[in-house]
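*Asks:* Pasting work-v7.cif here (mmCIF, C-alpha atoms):
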```cif
data_final
#
loop_
_atom_site.label_atom_id
_atom_site.label_comp_id
_atom_site.auth_asym_id
_atom_site.auth_seq_id
_atom_site.Cartn_x
_atom_site.Cartn_y
_atom_site.Cartn_z
CA MET Q 19 97.94 61.74 99.68
CA GLN Q 20 98.00 61.50 103.48
CA GLU Q 21 101.68 60.58 103.37
CA GLU Q 22 102.39 63.56 101.08
CA GLN Q 23 100.64 65.94 103.52
CA GLY Q 24 102.64 64.57 106.42
CA SER Q 25 105.81 65.09 104.43
CA LEU Q 26 104.74 68.66 103.62
CA GLN Q 27 104.15 69.36 107.31
CA GLN Q 28 107.67 68.18 108.11
CA GLN Q 29 109.19 70.15 105.23
CA THR Q 30 107.46 73.42 105.93
CA GLY Q 31 107.09 73.12 109.67
CA THR Q 32 103.44 73.99 109.25
CA GLY Q 33 100.31 72.07 110.10
CA VAL Q 34 96.92 73.19 111.24
CA GLY Q 35 97.78 76.57 112.59
CA GLU Q 36 96.75 80.15 112.95
CA TYR Q 37 98.42 82.84 110.88
CA LEU Q 38 98.26 86.59 111.18
CA THR Q 39 97.71 87.86 107.64
CA PHE Q 40 99.07 91.20 106.49
CA THR Q 41 99.54 93.07 103.24
CA LEU Q 42 102.63 94.45 101.58
CA GLY Q 43 101.77 96.14 98.31
CA SER Q 44 99.24 93.98 96.50
CA GLU Q 45 100.33 90.71 98.14
CA GLU Q 46 98.93 88.99 101.21
CA TYR Q 47 101.38 87.37 103.64
CA GLY Q 48 100.93 85.19 106.70
CA MET Q 49 103.04 84.56 109.79
CA ASP Q 50 102.68 82.30 112.80
CA ILE Q 51 100.32 84.05 115.21
CA LEU Q 52 102.30 82.71 118.17
CA LYS Q 53 105.21 85.04 117.29
CA VAL Q 54 102.99 88.14 117.57
CA GLN Q 55 103.17 90.11 120.81
CA GLU Q 56 100.99 93.07 119.79
CA ILE Q 57 99.86 95.21 116.86
CA ARG Q 58 100.30 99.00 117.00
CA GLY Q 59 99.80 101.98 114.74
CA TYR Q 60 102.93 103.35 113.12
CA ASP Q 61 104.59 106.03 115.26
CA ALA Q 62 107.73 108.06 114.76
CA VAL Q 63 110.95 106.15 115.29
CA THR Q 64 114.42 107.20 116.39
CA HIS Q 65 116.69 106.77 113.38
CA ILE Q 66 120.04 105.04 113.80
CA ALA Q 67 122.98 106.33 111.75
CA ASN Q 68 124.55 103.96 109.19
CA SER Q 69 121.75 101.42 109.49
CA PRO Q 70 120.37 99.56 106.45
CA ASP Q 71 117.49 101.29 104.60
CA PHE Q 72 114.92 98.74 105.76
CA LEU Q 73 115.76 99.41 109.44
CA LYS Q 74 113.59 102.46 110.08
CA GLY Q 75 114.98 102.97 113.58
CA VAL Q 76 114.01 102.04 117.12
CA ILE Q 77 111.17 102.76 119.53
CA ASN Q 78 110.99 102.57 123.30
CA LEU Q 79 108.19 100.13 124.10
CA ARG Q 80 107.56 100.13 127.83
CA GLY Q 81 111.29 100.32 128.57
CA VAL Q 82 112.39 97.90 125.84
CA ILE Q 83 114.30 99.27 122.82
CA VAL Q 84 112.69 97.68 119.76
CA PRO Q 85 114.22 97.79 116.26
CA ILE Q 86 111.60 98.58 113.58
CA VAL Q 87 111.99 96.94 110.16
CA ASP Q 88 110.01 98.11 107.12
CA MET Q 89 109.18 94.93 105.20
CA ARG Q 90 108.14 96.83 102.05
CA ILE Q 91 111.71 98.13 101.77
CA LYS Q 92 113.25 94.79 102.82
CA PHE Q 93 111.31 92.90 100.13
CA LYS Q 94 112.01 95.64 97.53
CA LEU Q 95 108.32 96.39 96.99
CA GLY Q 96 108.71 100.08 96.27
CA ARG Q 97 108.47 103.19 98.38
CA ALA Q 98 106.63 102.87 101.66
CA ASP Q 99 103.82 105.34 102.23
CA TYR Q 100 102.73 105.58 105.84
CA ASN Q 101 99.04 106.22 106.43
CA GLU Q 102 96.31 105.43 108.96
CA PHE Q 103 96.33 101.74 107.90
CA THR Q 104 100.10 101.28 108.34
CA VAL Q 105 100.81 99.15 111.38
CA VAL Q 106 103.73 97.74 113.29
CA ILE Q 107 103.56 94.10 114.29
CA ILE Q 108 105.55 93.66 117.49
CA MET Q 109 107.00 90.15 117.60
CA ASN Q 110 109.11 88.03 119.87
CA VAL Q 111 111.65 86.18 117.73
CA VAL Q 112 114.67 84.27 118.99
CA GLY Q 113 114.18 85.82 122.43
CA ARG Q 114 114.21 89.40 121.08
CA VAL Q 115 111.43 91.90 120.55
CA VAL Q 116 111.33 93.26 116.98
CA GLY Q 117 108.81 95.44 115.16
CA MET Q 118 107.78 94.94 111.54
CA VAL Q 119 106.09 97.70 109.52
CA VAL Q 120 103.43 96.42 107.10
CA ASP Q 121 100.83 98.17 104.95
CA SER Q 122 97.93 96.69 106.91
CA VAL Q 123 96.89 93.71 109.01
CA SER Q 124 94.04 91.69 107.54
CA ASP Q 125 92.91 88.86 109.78
CA VAL Q 126 93.85 85.76 111.72
CA THR Q 127 93.39 82.73 109.48
CA THR Q 128 93.41 79.05 110.34
CA LEU Q 129 94.99 76.84 107.69
CA ALA Q 130 94.79 73.06 107.50
CA PRO Q 131 97.70 71.11 105.95
CA GLU Q 132 95.78 70.54 102.69
CA GLN Q 133 95.51 74.33 102.25
CA ILE Q 134 99.30 74.74 102.28
CA LYS Q 135 101.55 73.95 99.32
CA PRO Q 136 105.35 74.01 99.40
CA ALA Q 137 107.12 77.12 98.13
CA PRO Q 138 108.27 76.70 94.52
CA GLU Q 139 111.97 76.32 93.77
CA PHE Q 140 113.33 79.14 91.64
CA GLY Q 141 117.02 78.29 91.78
CA SER Q 142 119.43 81.07 92.63
CA ALA Q 143 117.39 83.76 90.82
CA LEU Q 144 114.97 84.16 93.73
CA ASP Q 145 115.60 83.53 97.42
CA THR Q 146 112.66 81.60 98.90
CA LYS Q 147 114.35 80.38 102.10
CA TYR Q 148 112.03 82.53 104.23
CA ILE Q 149 108.86 81.28 102.56
CA THR Q 150 107.51 78.19 104.31
CA GLY Q 151 104.68 77.63 101.87
CA LEU Q 152 101.77 79.06 99.97
CA GLY Q 153 98.37 78.95 101.62
CA THR Q 154 95.05 79.12 99.82
CA VAL Q 155 92.15 80.93 101.46
CA ASN Q 156 88.95 81.49 99.42
CA ASP Q 157 90.85 81.21 96.11
CA GLN Q 158 93.39 83.79 97.30
CA MET Q 159 97.09 82.99 97.62
CA LEU Q 160 98.76 83.67 100.98
CA ILE Q 161 102.57 83.74 101.17
CA LEU Q 162 103.58 82.10 104.46
CA VAL Q 163 106.76 83.60 105.92
CA ASP Q 164 109.08 82.02 108.49
CA ILE Q 165 109.41 85.28 110.39
CA GLU Q 166 111.86 83.90 112.94
CA GLN Q 167 114.29 82.72 110.26
CA LEU Q 168 113.91 86.01 108.37
CA MET Q 169 114.47 88.26 111.39
CA SER Q 170 117.45 86.25 112.63
CA SER Q 171 119.12 86.04 109.20
CA PRO Q 172 122.60 87.56 108.83
CA GLU Q 173 121.45 90.13 106.24
CA MET Q 174 118.93 91.58 108.69
CA GLN Q 175 121.76 92.40 111.13
CA LEU Q 176 119.26 92.59 113.99
CA MET Q 177 120.65 90.02 116.35
CA ASP Q 178 123.56 87.73 116.93
CA VAL Q 179 122.43 84.16 116.42
CA PRO Q 180 124.82 81.26 116.99
CA THR Q 181 125.51 79.39 113.77
#
```
For the file at hand, write its structure as structure tokens.
*Replies:*
Amino acid sequence: MQEEQGSLQQQTGTGVGEYLTFTLGSEEYGMDILKVQEIRGYDAVTHIANSPDFLKGVINLRGVIVPIVDMRIKFKLGRADYNEFTVVIIMNVVGRVVGMVVDSVSDVTTLAPEQIKPAPEFGSALDTKYITGLGTVNDQMLILVDIEQLMSSPEMQLMDVPT
């Protein structure tokens, strides 16, 4: 069992760690807390012409132009309704500041390796390359997202990353 957990840590890149948990629709997600720079309420953005639907626009954050991505739209979870609980998680990924709109932020959760299971393989029907694992907290499933890999992926078109 110990060997299996060590293998899981190497596969998923996760171990005992802290995760910021957030909701999108009815699902709870988690991301590495070390990628989070700040959490802000949702404000108006400046729209960019010809940008993908999930790219809401940009904001000026203390002199830095930050692209804002709506994860509900990116993950095809239906129409995004912005309310007082809607927040933007400002992250630093691959040396770039990016904002991510989520329905709400829940908590910071510490997960031990035995609480994390590998993401299931679904073949080509479902793309799970951004899911590092599934965490269990109080009998609730937490989808762990590799936010750096997601934000730097070619389909996000947010940054040029050497291949």
*Asks:* Counting all atoms listed in the file, which residues in segment 66-178 of chain Q sit no more than 6 Å from segment 42-56 of chain Q? For each one, give the nearest pair of atoms and the distance in Å, sorted by chain then residue number, as a Markdown table.
*Replies:*
```
| residue | atom | partner | partner_atom | distance |
| --- | --- | --- | --- | --- |
| Q:Ile108 | CA | Q:Glu56 | CA | 5.1 |
| Q:Met109 | CA | Q:Val54 | CA | 4.5 |
| Q:Asn110 | CA | Q:Lys53 | CA | 5.6 |
| Q:Val120 | CA | Q:Leu42 | CA | 5.9 |
| Q:Asp121 | CA | Q:Leu42 | CA | 5.3 |
| Q:Leu160 | CA | Q:Tyr47 | CA | 5.3 |
| Q:Ile161 | CA | Q:Tyr47 | CA | 4.5 |
| Q:Leu162 | CA | Q:Gly48 | CA | 4.6 |
| Q:Val163 | CA | Q:Met49 | CA | 5.5 |
```
*Asks:* Store the residues of this selection in a file with C-alpha atoms, as a PDB file, keeping the file's coordinate frame.
*Replies:*
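Saved the output as again.pdb:
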```pdb
ATOM      1  CA  ILE Q 108     105.550  93.660 117.490  1.00  0.00           C
ATOM      2  CA  MET Q 109     107.000  90.150 117.600  1.00  0.00           C
ATOM      3  CA  ASN Q 110     109.110  88.030 119.870  1.00  0.00           C
ATOM      4  CA  VAL Q 120     103.430  96.420 107.100  1.00  0.00           C
ATOM      5  CA  ASP Q 121     100.830  98.170 104.950  1.00  0.00           C
ATOM      6  CA  LEU Q 160      98.760  83.670 100.980  1.00  0.00           C
ATOM      7  CA  ILE Q 161     102.570  83.740 101.170  1.00  0.00           C
ATOM      8  CA  LEU Q 162     103.580  82.100 104.460  1.00  0.00           C
ATOM      9  CA  VAL Q 163     106.760  83.600 105.920  1.00  0.00           C
TER      10      VAL Q 163
END
```
*Asks:* Between atom CA of Ser124 of chain Q and atom CA of His65 of chain Q, what is the distance in Å, rounded to a tenth?
*Replies:*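 Separation of atom CA of Ser124 of chain Q and atom CA of His65 of chain Q: 27.8 Å.
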*Asks:* For the provided coordinates, the residues matched by the PyMOL selection byres ((chain Q and resi 151) around 8) should be stated as an MDAnalysis selection string.
*Replies:* chainID Q and resid 30 134:137 149:150 152:153 161:163
*Asks:* Just give me the residues with any atom within 12 Å of (105.5, 97.3, 125.9), file coordinates, counting all atoms listed in the file, written as a short mmCIF file (atom, residue, chain, number, x, y, z; two decimals) with C-alpha atoms, keeping the file's coordinate frame.
*Replies:*
```cif
data_model
loop_
_atom_site.label_atom_id
_atom_site.label_comp_id
_atom_site.auth_asym_id
_atom_site.auth_seq_id
_atom_site.Cartn_x
_atom_site.Cartn_y
_atom_site.Cartn_z
CA GLN Q 55 103.17 90.11 120.81
CA GLU Q 56 100.99 93.07 119.79
CA ILE Q 57 99.86 95.21 116.86
CA ARG Q 58 100.30 99.00 117.00
CA ILE Q 77 111.17 102.76 119.53
CA ASN Q 78 110.99 102.57 123.30
CA LEU Q 79 108.19 100.13 124.10
CA ARG Q 80 107.56 100.13 127.83
CA GLY Q 81 111.29 100.32 128.57
CA VAL Q 82 112.39 97.90 125.84
CA ILE Q 83 114.30 99.27 122.82
CA VAL Q 84 112.69 97.68 119.76
CA ILE Q 108 105.55 93.66 117.49
CA MET Q 109 107.00 90.15 117.60
CA ASN Q 110 109.11 88.03 119.87
CA VAL Q 115 111.43 91.90 120.55
CA VAL Q 116 111.33 93.26 116.98
CA GLY Q 117 108.81 95.44 115.16
#
```
*Asks:* Using all atoms listed in the file for the distances, tell me which of Q:Val76, Q:Ile165, Q:Val63, Q:Val119 is nearest to Asn101 of chain Q.
*Replies:* Q:Val119
*Asks:* Excluding Asn156 of chain Q and residues on its chain fewer than 5 positions from it, collect all residues at most 12 Å away from it, counting all atoms listed in the file, and give them as an NGL selection string.
*Replies:* :Q and (127 or 129 or 133)
*Asks:* Please report the interatomic distance between atom CA of Gly113 of chain Q and atom CA of Asp164 of chain Q in Å with one decimal.
*Replies:* 15.3 Å
*Asks:* Can you measure atom CA of Lys92 of chain Q to atom CA of Phe72 of chain Q for me? One decimal in Å is fine.
*Replies:*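 We find that atom CA of Lys92 of chain Q and atom CA of Phe72 of chain Q lie 5.2 Å from each other.
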*Asks:* Quick one: residues within 7 Å of Asp125 of chain Q, only C-alpha atoms counted, chain neighbours fewer than 2 positions away excluded, as number ranges by chain?
*Replies:* Q: 38-39, 123, 127
*Asks:* Any chance you could export segment 127-140 of chain Q with N, CA and C atoms, as a PDB file, in the first residue's frame?
*Replies:*
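Writing the result to decode_0.pdb gives the following:
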```
ATOM      1  N   THR Q 127      -8.088  23.376   1.982  1.00  0.00           N
ATOM      2  CA  THR Q 127      -8.140  22.021   2.508  1.00  0.00           C
ATOM      3  C   THR Q 127      -6.780  21.371   2.396  1.00  0.00           C
ATOM      4  N   THR Q 128      -6.378  20.670   3.450  1.00  0.00           N
ATOM      5  CA  THR Q 128      -5.143  19.892   3.419  1.00  0.00           C
ATOM      6  C   THR Q 128      -5.498  18.452   3.113  1.00  0.00           C
ATOM      7  N   LEU Q 129      -4.846  17.892   2.105  1.00  0.00           N
ATOM      8  CA  LEU Q 129      -5.084  16.501   1.728  1.00  0.00           C
ATOM      9  C   LEU Q 129      -3.803  15.691   1.893  1.00  0.00           C
ATOM     10  N   ALA Q 130      -3.941  14.528   2.497  1.00  0.00           N
ATOM     11  CA  ALA Q 130      -2.835  13.580   2.612  1.00  0.00           C
ATOM     12  C   ALA Q 130      -2.889  12.660   1.394  1.00  0.00           C
ATOM     13  N   PRO Q 131      -1.780  12.007   1.043  1.00  0.00           N
ATOM     14  CA  PRO Q 131      -1.760  11.142  -0.142  1.00  0.00           C
ATOM     15  C   PRO Q 131      -2.866  10.087  -0.154  1.00  0.00           C
ATOM     16  N   GLU Q 132      -3.211   9.529   1.006  1.00  0.00           N
ATOM     17  CA  GLU Q 132      -4.251   8.489   1.030  1.00  0.00           C
ATOM     18  C   GLU Q 132      -5.650   9.040   0.750  1.00  0.00           C
ATOM     19  N   GLN Q 133      -5.809  10.365   0.757  1.00  0.00           N
ATOM     20  CA  GLN Q 133      -7.092  10.981   0.443  1.00  0.00           C
ATOM     21  C   GLN Q 133      -7.233  11.288  -1.050  1.00  0.00           C
ATOM     22  N   ILE Q 134      -6.180  11.029  -1.823  1.00  0.00           N
ATOM     23  CA  ILE Q 134      -6.174  11.366  -3.243  1.00  0.00           C
ATOM     24  C   ILE Q 134      -6.084  10.086  -4.074  1.00  0.00           C
ATOM     25  N   LYS Q 135      -7.023   9.950  -4.998  1.00  0.00           N
ATOM     26  CA  LYS Q 135      -7.041   8.815  -5.928  1.00  0.00           C
ATOM     27  C   LYS Q 135      -6.747   9.338  -7.322  1.00  0.00           C
ATOM     28  N   PRO Q 136      -6.140   8.502  -8.172  1.00  0.00           N
ATOM     29  CA  PRO Q 136      -5.845   8.969  -9.535  1.00  0.00           C
ATOM     30  C   PRO Q 136      -7.135   9.233 -10.316  1.00  0.00           C
ATOM     31  N   ALA Q 137      -7.053  10.133 -11.278  1.00  0.00           N
ATOM     32  CA  ALA Q 137      -8.204  10.429 -12.136  1.00  0.00           C
ATOM     33  C   ALA Q 137      -8.494   9.204 -12.990  1.00  0.00           C
ATOM     34  N   PRO Q 138      -9.762   8.869 -13.177  1.00  0.00           N
ATOM     35  CA  PRO Q 138     -10.097   7.704 -14.000  1.00  0.00           C
ATOM     36  C   PRO Q 138      -9.762   7.950 -15.465  1.00  0.00           C
ATOM     37  N   GLU Q 139      -9.495   6.875 -16.184  1.00  0.00           N
ATOM     38  CA  GLU Q 139      -9.236   6.965 -17.623  1.00  0.00           C
ATOM     39  C   GLU Q 139     -10.552   6.773 -18.358  1.00  0.00           C
ATOM     40  N   PHE Q 140     -10.897   7.712 -19.222  1.00  0.00           N
ATOM     41  CA  PHE Q 140     -12.135   7.628 -19.981  1.00  0.00           C
ATOM     42  C   PHE Q 140     -11.880   7.455 -21.469  1.00  0.00           C
TER      43      PHE Q 140
END
```
